[in-house]
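coords.cif follows; it contains mmCIF, C-alpha atoms.
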data_model
loop_
_atom_site.label_atom_id
_atom_site.label_comp_id
_atom_site.auth_asym_id
_atom_site.auth_seq_id
_atom_site.Cartn_x
_atom_site.Cartn_y
_atom_site.Cartn_z
CA MET A 1 123.51 120.46 143.58
CA LYS A 2 123.76 124.11 142.76
CA PHE A 3 127.27 125.44 143.05
CA ARG A 4 126.24 128.95 142.25
CA LEU A 5 122.87 130.60 142.10
CA PHE A 6 121.73 133.05 139.44
CA CYS A 7 118.51 134.69 140.66
CA LEU A 8 117.75 137.16 137.87
CA PHE A 9 114.03 137.19 137.19
CA ASN A 10 112.17 139.20 134.52
CA ILE A 11 111.31 142.07 136.83
CA ALA A 12 113.70 141.77 139.77
CA ILE A 13 116.99 140.49 141.09
CA ILE A 14 116.03 138.36 144.06
CA ALA A 15 117.61 135.98 146.53
CA SER A 16 115.00 133.33 147.18
CA ASN A 17 114.89 131.22 150.34
CA CYS A 18 117.92 132.94 151.90
CA GLN A 19 116.48 135.23 154.54
CA ASN A 20 117.76 135.81 158.05
CA ASP A 21 115.27 136.48 160.85
CA ASN A 22 117.38 139.17 162.53
CA VAL A 23 120.09 136.64 163.41
CA ALA A 24 123.69 137.80 163.58
CA PRO A 25 125.70 136.64 160.53
CA ASN A 26 128.03 134.53 162.69
CA ALA A 27 125.19 132.87 164.59
CA PRO A 28 122.93 130.96 162.16
CA ASN A 29 119.36 130.27 163.22
CA THR A 30 119.56 126.84 164.84
CA ALA A 31 115.77 126.50 164.76
CA SER A 32 115.53 126.57 160.98
CA ALA A 33 115.35 122.91 160.05
CA PRO A 34 116.16 119.50 161.47
CA VAL A 35 119.62 118.12 160.80
CA ASN A 36 119.32 114.38 160.23
CA VAL A 37 122.97 113.46 159.62
CA MET A 38 125.32 112.32 162.35
CA GLN A 39 127.86 115.00 163.28
CA ASN A 40 131.32 114.50 161.74
CA ALA A 41 129.87 111.76 159.51
CA VAL A 42 132.47 112.18 156.77
CA SER A 43 132.34 109.02 154.68
CA ASN A 44 134.17 110.56 151.73
CA PRO A 45 137.26 112.67 152.57
CA VAL A 46 137.01 114.81 149.41
CA PRO A 47 134.57 117.71 148.91
CA LEU A 48 131.42 117.17 146.88
CA GLY A 49 132.06 118.50 143.37
CA LYS A 50 135.82 117.89 143.53
CA GLU A 51 135.61 116.55 139.97
CA LEU A 52 134.77 120.07 138.80
CA ILE A 53 138.29 121.21 139.68
CA PRO A 54 140.59 120.44 136.71
CA GLY A 55 143.61 118.28 137.34
CA SER A 56 145.76 121.15 136.08
CA ALA A 57 144.51 123.45 138.86
CA THR A 58 146.84 124.30 141.72
CA GLU A 59 146.11 125.60 145.20
CA VAL A 60 146.82 129.33 145.24
CA ASN A 61 147.21 132.05 147.83
CA THR A 62 144.43 134.57 147.43
CA ASN A 63 142.31 136.91 149.53
CA ILE A 64 138.84 135.49 150.20
CA HIS A 65 136.87 138.06 152.15
CA SER A 66 133.42 139.51 152.87
CA ILE A 67 132.31 135.97 153.76
CA HIS A 68 128.75 135.90 155.09
CA VAL A 69 126.98 132.74 156.25
CA TRP A 70 123.34 132.66 157.33
CA VAL A 71 120.38 130.28 157.48
CA ASP A 72 116.78 130.73 156.38
CA LYS A 73 113.87 128.40 155.71
CA GLY A 74 116.03 125.29 155.84
CA ASN A 75 118.84 126.63 153.63
CA VAL A 76 122.43 127.54 154.46
CA CYS A 77 123.52 130.56 152.39
CA LEU A 78 127.11 131.53 151.64
CA ALA A 79 128.35 134.71 149.95
CA GLY A 80 131.80 136.23 149.56
CA VAL A 81 134.45 137.83 147.35
CA VAL A 82 137.73 136.53 145.91
CA SER A 83 140.53 139.02 145.23
CA ASN A 84 143.32 137.88 142.92
CA LEU A 85 146.67 138.60 144.58
CA SER A 86 148.85 137.11 141.84
CA ALA A 87 150.36 138.50 138.65
CA GLU A 88 148.42 135.90 136.61
CA TRP A 89 144.92 135.78 135.19
CA TYR A 90 143.05 133.06 137.11
CA ARG A 91 139.88 131.06 136.99
CA PHE A 92 139.00 129.99 140.52
CA TRP A 93 137.35 127.03 142.20
CA LEU A 94 136.71 127.18 145.94
CA GLU A 95 136.89 124.19 148.27
CA ALA A 96 134.56 125.19 151.10
CA THR A 97 134.66 123.24 154.37
CA PRO A 98 131.83 123.93 156.85
CA VAL A 99 132.88 124.40 160.48
CA ASP A 100 131.01 124.91 163.73
CA GLN A 101 131.53 127.66 166.33
CA SER A 102 134.49 125.81 167.86
CA GLY A 103 136.22 125.52 164.47
CA ARG A 104 135.51 121.81 164.16
CA SER A 105 134.95 120.58 160.58
CA LEU A 106 131.48 119.33 159.67
CA ALA A 107 130.32 116.91 157.00
CA PHE A 108 128.42 117.90 153.86
CA SER A 109 126.35 114.97 152.50
CA GLY A 110 129.03 112.60 153.78
CA HIS A 111 131.82 114.64 152.16
CA SER A 112 134.43 116.87 153.73
CA GLY A 113 132.99 119.95 152.04
CA VAL A 114 131.67 121.32 148.77
CA VAL A 115 133.11 123.06 145.70
CA VAL A 116 131.81 126.55 144.89
CA ILE A 117 132.55 128.26 141.57
CA PRO A 118 132.95 132.07 141.57
CA HIS A 119 131.21 134.05 138.88
CA SER A 120 134.02 135.35 136.65
CA ASP A 121 135.73 132.98 134.20
CA ALA A 122 139.00 134.93 134.24
CA VAL A 123 140.05 137.32 137.02
CA PRO A 124 142.92 139.69 136.19
CA PRO A 125 145.71 140.59 138.62
CA SER A 126 144.28 142.75 141.42
CA GLY A 127 140.79 141.91 140.15
CA ARG A 128 137.80 140.61 142.11
CA THR A 129 134.94 138.19 141.62
CA SER A 130 132.07 137.12 143.86
CA PHE A 131 130.31 133.90 144.80
CA PHE A 132 126.93 132.95 146.21
CA ALA A 133 125.46 129.51 146.93
CA SER A 134 122.84 127.82 149.09
CA TRP A 135 122.08 124.27 150.21
CA PRO A 136 119.49 122.54 152.44
CA VAL A 137 120.48 122.50 156.09
CA GLY A 138 119.92 118.74 156.13
CA ASN A 139 122.96 118.28 153.89
CA PHE A 140 125.21 119.24 156.82
CA SER A 141 126.08 117.15 159.86
CA ALA A 142 125.37 120.24 161.98
CA ILE A 143 124.53 123.84 161.19
CA PRO A 144 127.75 125.57 160.11
CA ASN A 145 128.95 128.76 161.74
CA THR A 146 131.17 129.60 158.77
CA PHE A 147 133.29 127.97 156.05
CA THR A 148 137.02 127.64 155.69
CA ILE A 149 137.93 128.01 152.04
CA LYS A 150 140.84 126.88 149.87
CA ALA A 151 141.25 128.43 146.43
CA TRP A 152 142.29 126.41 143.38
CA ALA A 153 143.08 128.11 140.07
CA VAL A 154 144.07 127.61 136.46
CA VAL A 155 145.98 130.30 134.57
CA GLN A 156 143.93 131.99 131.83
CA LYS A 157 144.98 134.04 128.83
CA PRO A 158 144.87 137.81 129.38
CA GLY A 159 141.83 139.58 127.98
CA PRO A 160 139.84 142.79 128.21
CA ILE A 161 139.71 144.47 131.61
CA LEU A 162 136.37 146.21 131.93
CA ALA A 163 135.64 149.03 134.35
CA ILE A 164 132.68 150.92 135.73
CA PRO A 165 134.30 154.26 136.57
CA MET A 166 131.29 155.70 138.33
CA THR A 167 127.65 155.01 139.18
CA SER A 168 124.77 156.97 140.64
CA ALA A 169 121.80 155.46 142.42
CA ILE A 170 118.33 156.53 143.52
CA GLN A 171 116.57 154.62 146.28
CA MET A 172 112.93 154.07 145.35
CA SER A 173 110.38 153.83 148.20
CA VAL A 174 106.61 153.49 148.30
CA PRO A 175 104.18 155.60 150.36
CA GLN A 176 102.20 154.07 153.21
CA GLN A 177 98.88 155.27 154.54
CA THR A 178 98.41 158.96 155.26
CA GLY A 179 100.51 160.18 158.16
CA GLN A 180 102.96 157.31 158.06
CA ASP A 181 106.53 157.26 156.87
CA LEU A 182 107.68 155.82 153.59
CA LYS A 183 108.32 152.11 153.47
CA PRO A 184 111.97 151.04 153.08
CA GLU A 185 113.36 151.10 149.58
CA VAL A 186 111.80 148.63 147.16
CA ALA A 187 114.44 149.13 144.47
CA TRP A 188 117.62 150.91 143.56
CA GLN A 189 117.68 152.65 140.19
CA MET A 190 121.33 152.67 139.10
CA THR A 191 122.97 154.55 136.25
CA GLY A 192 126.58 154.11 135.20
CA SER A 193 128.99 153.61 132.36
CA LEU A 194 130.77 150.42 131.32
CA SER A 195 134.21 151.10 129.90
CA ASN A 196 136.54 148.95 127.77
CA PRO A 197 139.79 150.95 128.02
CA LEU A 198 142.16 148.48 126.33
CA ASN A 199 142.71 147.87 122.64
CA MET A 200 140.73 144.62 122.76
CA ILE A 201 137.16 143.62 121.93
CA ALA A 202 135.01 142.51 124.88
CA ALA A 203 132.70 140.06 123.14
CA HIS A 204 130.55 139.03 126.10
CA PRO A 205 130.40 141.71 128.81
CA ARG A 206 128.88 140.70 132.14
CA ILE A 207 128.18 142.58 135.37
CA GLU A 208 128.34 141.04 138.84
CA VAL A 209 125.85 142.60 141.26
CA LEU A 210 126.86 142.57 144.95
CA VAL A 211 124.28 143.75 147.51
CA TYR A 212 125.45 144.90 150.96
CA GLY A 213 123.18 145.70 153.92
CA MET A 214 123.48 148.54 156.40
CA ASP A 215 125.38 146.04 158.58
CA GLN A 216 128.15 146.05 155.93
CA LYS A 217 127.52 142.34 155.21
CA LEU A 218 127.30 140.89 151.70
CA TRP A 219 123.78 139.47 151.39
CA PHE A 220 123.65 138.56 147.71
CA ALA A 221 125.85 138.24 144.64
CA THR A 222 124.88 137.25 141.13
CA VAL A 223 125.77 137.87 137.47
CA PHE A 224 123.76 139.98 135.07
CA ASN A 225 123.97 138.99 131.40
CA PRO A 226 123.18 141.93 129.08
CA GLU A 227 122.78 139.48 126.18
CA ASP A 228 119.67 138.02 127.82
CA MET A 229 116.82 139.97 126.25
CA ASN A 230 114.47 138.90 129.07
CA MET A 231 116.38 141.33 131.26
CA ARG A 232 115.31 144.39 129.31
CA LYS A 233 112.66 145.24 131.93
CA ILE A 234 115.40 145.98 134.45
CA PHE A 235 118.39 146.79 132.22
CA THR A 236 118.99 149.07 129.25
CA TRP A 237 122.04 150.58 127.60
CA ASP A 238 122.74 152.79 124.63
CA ARG A 239 124.14 150.13 122.29
CA GLU A 240 123.91 146.35 121.94
CA GLY A 241 126.61 143.82 121.24
CA ALA A 242 130.31 143.54 121.99
CA LEU A 243 132.23 146.42 123.52
CA LYS A 244 134.68 147.90 121.04
CA PRO A 245 138.20 148.93 122.09
CA LYS A 246 138.12 152.22 124.02
CA GLU A 247 134.31 152.21 124.04
CA GLU A 248 132.30 153.51 126.98
CA ARG A 249 128.62 152.64 127.17
CA THR A 250 125.95 154.09 129.49
CA PHE A 251 123.55 151.69 131.21
CA ASN A 252 120.57 151.75 133.56
CA LEU A 253 119.92 148.92 136.01
CA GLN A 254 117.16 148.35 138.56
CA VAL A 255 117.89 146.18 141.61
CA TYR A 256 114.71 145.19 143.46
CA SER A 257 114.50 144.17 147.11
CA ILE A 258 111.58 141.84 146.35
CA GLY A 259 112.53 138.42 147.67
CA MET A 260 115.65 139.68 149.40
CA PRO A 261 116.21 138.58 153.03
CA ASP A 262 113.75 140.16 155.47
CA SER A 263 116.59 141.47 157.62
CA LEU A 264 118.08 143.22 154.60
CA LYS A 265 114.75 144.81 153.71
CA GLU A 266 114.29 145.98 157.29
CA MET A 267 117.76 147.46 157.71
CA GLY A 268 118.04 148.74 154.14
CA ILE A 269 120.71 148.41 151.47
CA LYS A 270 123.95 150.20 152.26
CA LYS A 271 125.56 149.87 148.86
CA ILE A 272 125.58 147.89 145.63
CA ASP A 273 128.89 147.05 143.97
CA LEU A 274 129.08 146.30 140.26
CA LEU A 275 132.02 144.18 139.02
CA PRO A 276 132.26 143.92 135.22
CA PHE A 277 134.10 141.21 133.29
CA ASP A 278 134.23 139.67 129.84
CA ALA A 279 132.88 136.10 129.85
CA ARG A 280 134.97 133.40 128.18
CA ILE A 281 132.40 131.67 125.98
CA GLN A 282 133.76 128.37 124.65
#
What would you get if you wrote out this structure as C-alpha cells?
Amino acid sequence: MKFRLFCLFNIAIIASNCQNDNVAPNAPNTASAPVNVMQNAVSNPVPLGKELIPGSATEVNTNIHSIHVWVDKGNVCLAGVVSNLSAEWYRFWLEATPVDQSGRSLAFSGHSGVVVIPHSDAVPPSGRTSFFASWPVGNFSAIPNTFTIKAWAVVQKPGPILAIPMTSAIQMSVPQQTGQDLKPEVAWQMTGSLSNPLNMIAAHPRIEVLVYGMDQKLWFATVFNPEDMNMRKIFTWDREGALKPKEERTFNLQVYSIGMPDSLKEMGIKKIDLLPFDARIQ
C-alpha cells in the first residue's frame, strides 16, 4: 500500500492514473470501476497502517485544508495540506476515514480507514506540508465522496526554517496547425530563490510542489529532492550541497503537465506553490 506517492520522473513531474473526466471534485465518477466489497464491511476497527503511527504520538488540533478527492481509472485520489497551528515542531500522521455523500463512514480493505503520511518530516509552528495518495477503488466498500481526517503528531526538535521569498513562472505552450490557437500549457518554467535565513545548516533541503487548477483545487502534491541527480533535466541551481546559514540560492524548475489529470490540462494550471523544508535524515 502506498501511503504517499512521489511521481518525479526524469523529464517531468506527473500524476499517473489520477485523472478526472470533468467530474466535480465532490462528486467522484461512479462509473470508474466495480466495487466488490460489501458496504460498511469494517472487520477491523482500526485504520490500515495504524502501526505506522508511533505510540508516543498524540491526536492534535490542526488545520487540514485544500482537501480534494477524485476518481480516475479505478483509483481514488486524495490531496490536501496540513497547517501547523501549535507552538511546537511536529511530524504528522493522518488517519483518513472515507465517507459517502451522506457522511456515513465506509470501509477500506475491511478497516475503518487508512493512514496517510504528509511529506515534511518536521513542520514548524505556522508551517505547512502537503499530502497526496491514491488507492484502487475496489479497496473501498463504496466510492468515497471525501475523507474525514484526524491528525496525530510527535514533537520534533527545532531546525532550519527554509523560505522561497519569490518565484516567477513562464507558461510554455506548443503551436498547433496553422490558423489554430496554441495548445494549453505543457509546462511551467519556474525560477526562484531558496533561502536559509537562520544561523543553522540545512543539510538536506527539499521542495514540495503543489499544483492547483483554474478551479482552485489541489490536483497534485509531491516532494522534489535536489540531491537526486536524475532530476537535473528539470532542476538546476547555482550551488550543490547543504544550505549554509544565511545562504540564498537561485534555482530553476520545470513542472510538466504530461500525465497530469485531463481536466487539469483542459482547464489549465492556476498556480504552483513551492514549500521548502529540511529533511530529517536518520
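Closest approach to Pro158 in chain A among A:Ala96, A:Met229, A:Val123, A:Ile207 is made by A:Val123 (distances from all atoms listed in the file).
Residues with any atom within 12 Å of Ile170 in chain A, counting all atoms listed in the file and excluding same-chain neighbours fewer than 5 positions away, are Glu185, Val186, Ala187, Trp188, Gln189, Met190, Thr191, Gly192, Asn252, Leu253, Gln254, Val255, Tyr256, Ile269, Lys271 and Ile272 of chain A.
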Contacts of Arg280 in chain A at 9 Å or less, counting all atoms listed in the file, minus same-chain residues fewer than 4 places along, as an mmCIF file with C-alpha atoms, in the frame of the given file?
data_model
loop_
_atom_site.group_PDB
_atom_site.id
_atom_site.type_symbol
_atom_site.label_atom_id
_atom_site.label_comp_id
_atom_site.auth_asym_id
_atom_site.auth_seq_id
_atom_site.Cartn_x
_atom_site.Cartn_y
_atom_site.Cartn_z
ATOM 1 C CA SER A 120 134.020 135.350 136.650
ATOM 2 C CA ASP A 121 135.730 132.980 134.200
ATOM 3 C CA ALA A 122 139.000 134.930 134.240
ATOM 4 C CA ALA A 203 132.700 140.060 123.140
ATOM 5 C CA HIS A 204 130.550 139.030 126.100
#
Within 12 Å of (124.2, 146.7, 159.5) in the file's own coordinates, which protein, DNA or RNA residues have an atom, counting all atoms listed in the file? List them as a PyMOL selection string. chain A and resi 22-25+212-219+263-271
Who sits within 9 Å of Glu240 in chain A, all atoms listed in the file, same chain under 2 positions skipped, as an MDAnalysis selection string: chainID A and resid 226:227 237:238 242:243
For Ser105 in chain A, please output as an MDAnalysis selection string all residues within 10 Å (counting all atoms listed in the file; exclusion window: fewer than 2 positions along the same chain). chainID A and resid 39:40 42 97:103 107:108 112:113 141:142 144 146:148
Could you write out as a list in words the residues that the PyMOL selection byres ((chain A and resi 245) around 12) matches in the shown file? Gly159, Pro160, Ile161, Leu162, Leu194, Ser195, Asn196, Pro197, Leu198, Asn199, Met200, Ile201, Ala202, Ala203, Ala242, Leu243, Lys244, Lys246, Glu247, Glu248 and Arg249 of chain A
Using C-alpha atoms, can you export the residues from the last selection as an mmCIF file, in the coordinates of the input?
data_model
loop_
_atom_site.group_PDB
_atom_site.id
_atom_site.type_symbol
_atom_site.label_atom_id
_atom_site.label_comp_id
_atom_site.auth_asym_id
_atom_site.auth_seq_id
_atom_site.Cartn_x
_atom_site.Cartn_y
_atom_site.Cartn_z
ATOM 1 C CA GLY A 159 141.830 139.580 127.980
ATOM 2 C CA PRO A 160 139.840 142.790 128.210
ATOM 3 C CA ILE A 161 139.710 144.470 131.610
ATOM 4 C CA LEU A 162 136.370 146.210 131.930
ATOM 5 C CA LEU A 194 130.770 150.420 131.320
ATOM 6 C CA SER A 195 134.210 151.100 129.900
ATOM 7 C CA ASN A 196 136.540 148.950 127.770
ATOM 8 C CA PRO A 197 139.790 150.950 128.020
ATOM 9 C CA LEU A 198 142.160 148.480 126.330
ATOM 10 C CA ASN A 199 142.710 147.870 122.640
ATOM 11 C CA MET A 200 140.730 144.620 122.760
ATOM 12 C CA ILE A 201 137.160 143.620 121.930
ATOM 13 C CA ALA A 202 135.010 142.510 124.880
ATOM 14 C CA ALA A 203 132.700 140.060 123.140
ATOM 15 C CA ALA A 242 130.310 143.540 121.990
ATOM 16 C CA LEU A 243 132.230 146.420 123.520
ATOM 17 C CA LYS A 244 134.680 147.900 121.040
ATOM 18 C CA LYS A 246 138.120 152.220 124.020
ATOM 19 C CA GLU A 247 134.310 152.210 124.040
ATOM 20 C CA GLU A 248 132.300 153.510 126.980
ATOM 21 C CA ARG A 249 128.620 152.640 127.170
#
Surrounding residues of range 49-51 of chain A excluding itself and chain neighbours under 4 positions, 10 Å, all atoms listed in the file, as a VMD selection string: chain A and resid 1 3 55 93 to 95 111 113 to 117
Just say which residues the PyMOL selection byres ((chain A and resi 210) around 6) picks in this file, as number ranges by chain. A: 209, 211, 220-221, 272-273
Could you extract range 41-160 of chain A of the given structure into a file holding C-alpha atoms, as a compact mmCIF listing (two decimals), in the first residue's frame?
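The new file result.txt reads:
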# COMPACT_ATOMS: atom_id res chain seq x y z
CA ALA A 41 -17.85 -4.10 5.84
CA VAL A 42 -15.49 -2.98 8.60
CA SER A 43 -13.93 -6.13 10.02
CA ASN A 44 -11.07 -4.29 11.70
CA PRO A 45 -12.00 -1.10 13.61
CA VAL A 46 -8.54 0.49 13.23
CA PRO A 47 -7.24 2.17 10.06
CA LEU A 48 -4.89 0.29 7.76
CA GLY A 49 -1.34 1.42 8.55
CA LYS A 50 -2.14 2.31 12.17
CA GLU A 51 1.16 0.67 13.15
CA LEU A 52 2.98 3.48 11.35
CA ILE A 53 1.80 5.95 13.98
CA PRO A 54 4.24 5.84 16.94
CA GLY A 55 2.85 5.05 20.35
CA SER A 56 4.23 8.39 21.52
CA ALA A 57 2.06 10.30 19.02
CA THR A 58 -0.94 12.23 20.29
CA GLU A 59 -4.02 13.47 18.49
CA VAL A 60 -3.57 17.18 17.79
CA ASN A 61 -5.73 20.08 16.67
CA THR A 62 -4.53 21.30 13.31
CA ASN A 63 -5.91 22.84 10.12
CA ILE A 64 -6.29 20.27 7.34
CA HIS A 65 -7.49 22.08 4.24
CA SER A 66 -7.47 22.16 0.43
CA ILE A 67 -8.75 18.57 0.51
CA HIS A 68 -9.55 17.28 -2.97
CA VAL A 69 -10.92 13.80 -3.68
CA TRP A 70 -11.47 12.45 -7.19
CA VAL A 71 -11.56 9.14 -9.06
CA ASP A 72 -9.89 8.08 -12.30
CA LYS A 73 -9.19 4.77 -14.00
CA GLY A 74 -10.12 2.74 -10.93
CA ASN A 75 -8.16 4.84 -8.42
CA VAL A 76 -9.34 7.12 -5.63
CA CYS A 77 -7.00 10.11 -5.32
CA LEU A 78 -6.63 12.31 -2.24
CA ALA A 79 -4.65 15.54 -1.91
CA GLY A 80 -4.53 18.22 0.77
CA VAL A 81 -2.50 20.49 3.04
CA VAL A 82 -1.77 20.41 6.78
CA SER A 83 -1.11 23.70 8.57
CA ASN A 84 0.56 23.50 11.99
CA LEU A 85 -1.44 25.59 14.47
CA SER A 86 0.69 24.79 17.52
CA ALA A 87 3.81 26.35 19.02
CA GLU A 88 5.67 23.03 18.57
CA TRP A 89 7.54 21.46 15.69
CA TYR A 90 5.51 18.42 14.58
CA ARG A 91 5.76 15.36 12.43
CA PHE A 92 2.27 14.38 11.33
CA TRP A 93 0.39 11.17 10.55
CA LEU A 94 -3.14 11.43 9.19
CA GLU A 95 -5.92 8.96 9.98
CA ALA A 96 -8.19 9.26 6.94
CA THR A 97 -11.70 7.80 7.10
CA PRO A 98 -13.61 7.60 3.79
CA VAL A 99 -17.23 8.77 3.88
CA ASP A 100 -20.05 8.83 1.36
CA GLN A 101 -22.23 11.80 0.35
CA SER A 102 -24.44 11.37 3.41
CA GLY A 103 -21.43 11.44 5.75
CA ARG A 104 -21.61 7.73 6.50
CA SER A 105 -18.24 6.05 7.12
CA LEU A 106 -17.04 3.50 4.57
CA ALA A 107 -14.65 0.58 4.90
CA PHE A 108 -11.15 0.47 3.41
CA SER A 109 -9.99 -3.14 2.83
CA GLY A 110 -12.01 -4.18 5.88
CA HIS A 111 -10.50 -1.40 8.01
CA SER A 112 -12.06 1.80 9.30
CA GLY A 113 -9.71 3.93 7.20
CA VAL A 114 -6.11 4.38 6.14
CA VAL A 115 -3.04 6.23 7.42
CA VAL A 116 -1.51 8.88 5.14
CA ILE A 117 1.90 10.43 5.85
CA PRO A 118 2.45 14.08 4.85
CA HIS A 119 5.65 14.99 3.07
CA SER A 120 7.62 17.05 5.60
CA ASP A 121 9.39 15.29 8.49
CA ALA A 122 9.19 18.33 10.77
CA VAL A 123 6.71 21.19 10.33
CA PRO A 124 7.48 24.39 12.27
CA PRO A 125 4.84 26.50 14.03
CA SER A 126 2.66 28.21 11.40
CA GLY A 127 4.27 25.99 8.76
CA ARG A 128 2.57 23.84 6.12
CA THR A 129 3.09 20.47 4.47
CA SER A 130 1.14 18.61 1.80
CA PHE A 131 -0.03 15.07 1.16
CA PHE A 132 -1.07 13.03 -1.86
CA ALA A 133 -2.12 9.38 -2.11
CA SER A 134 -4.12 7.03 -4.31
CA TRP A 135 -5.66 3.57 -3.95
CA PRO A 136 -7.73 1.21 -6.14
CA VAL A 137 -11.46 1.89 -5.92
CA GLY A 138 -12.01 -1.78 -5.09
CA ASN A 139 -10.34 -1.25 -1.71
CA PHE A 140 -13.37 0.76 -0.58
CA SER A 141 -16.79 -0.55 0.38
CA ALA A 142 -18.28 2.22 -1.78
CA ILE A 143 -16.81 5.15 -3.69
CA PRO A 144 -15.94 7.86 -1.15
CA ASN A 145 -17.20 11.40 -1.52
CA THR A 146 -14.48 12.74 0.78
CA PHE A 147 -12.40 11.79 3.83
CA THR A 148 -12.63 12.87 7.43
CA ILE A 149 -9.14 13.22 8.83
CA LYS A 150 -7.63 13.09 12.31
CA ALA A 151 -4.07 14.35 12.80
CA TRP A 152 -1.57 12.60 15.06
CA ALA A 153 1.82 14.15 15.81
CA VAL A 154 5.13 13.73 17.59
CA VAL A 155 7.13 16.76 18.74
CA GLN A 156 10.36 17.28 16.79
CA LYS A 157 13.47 19.28 17.59
CA PRO A 158 13.55 22.77 16.04
CA GLY A 159 15.63 23.10 12.90
CA PRO A 160 16.20 25.32 9.89
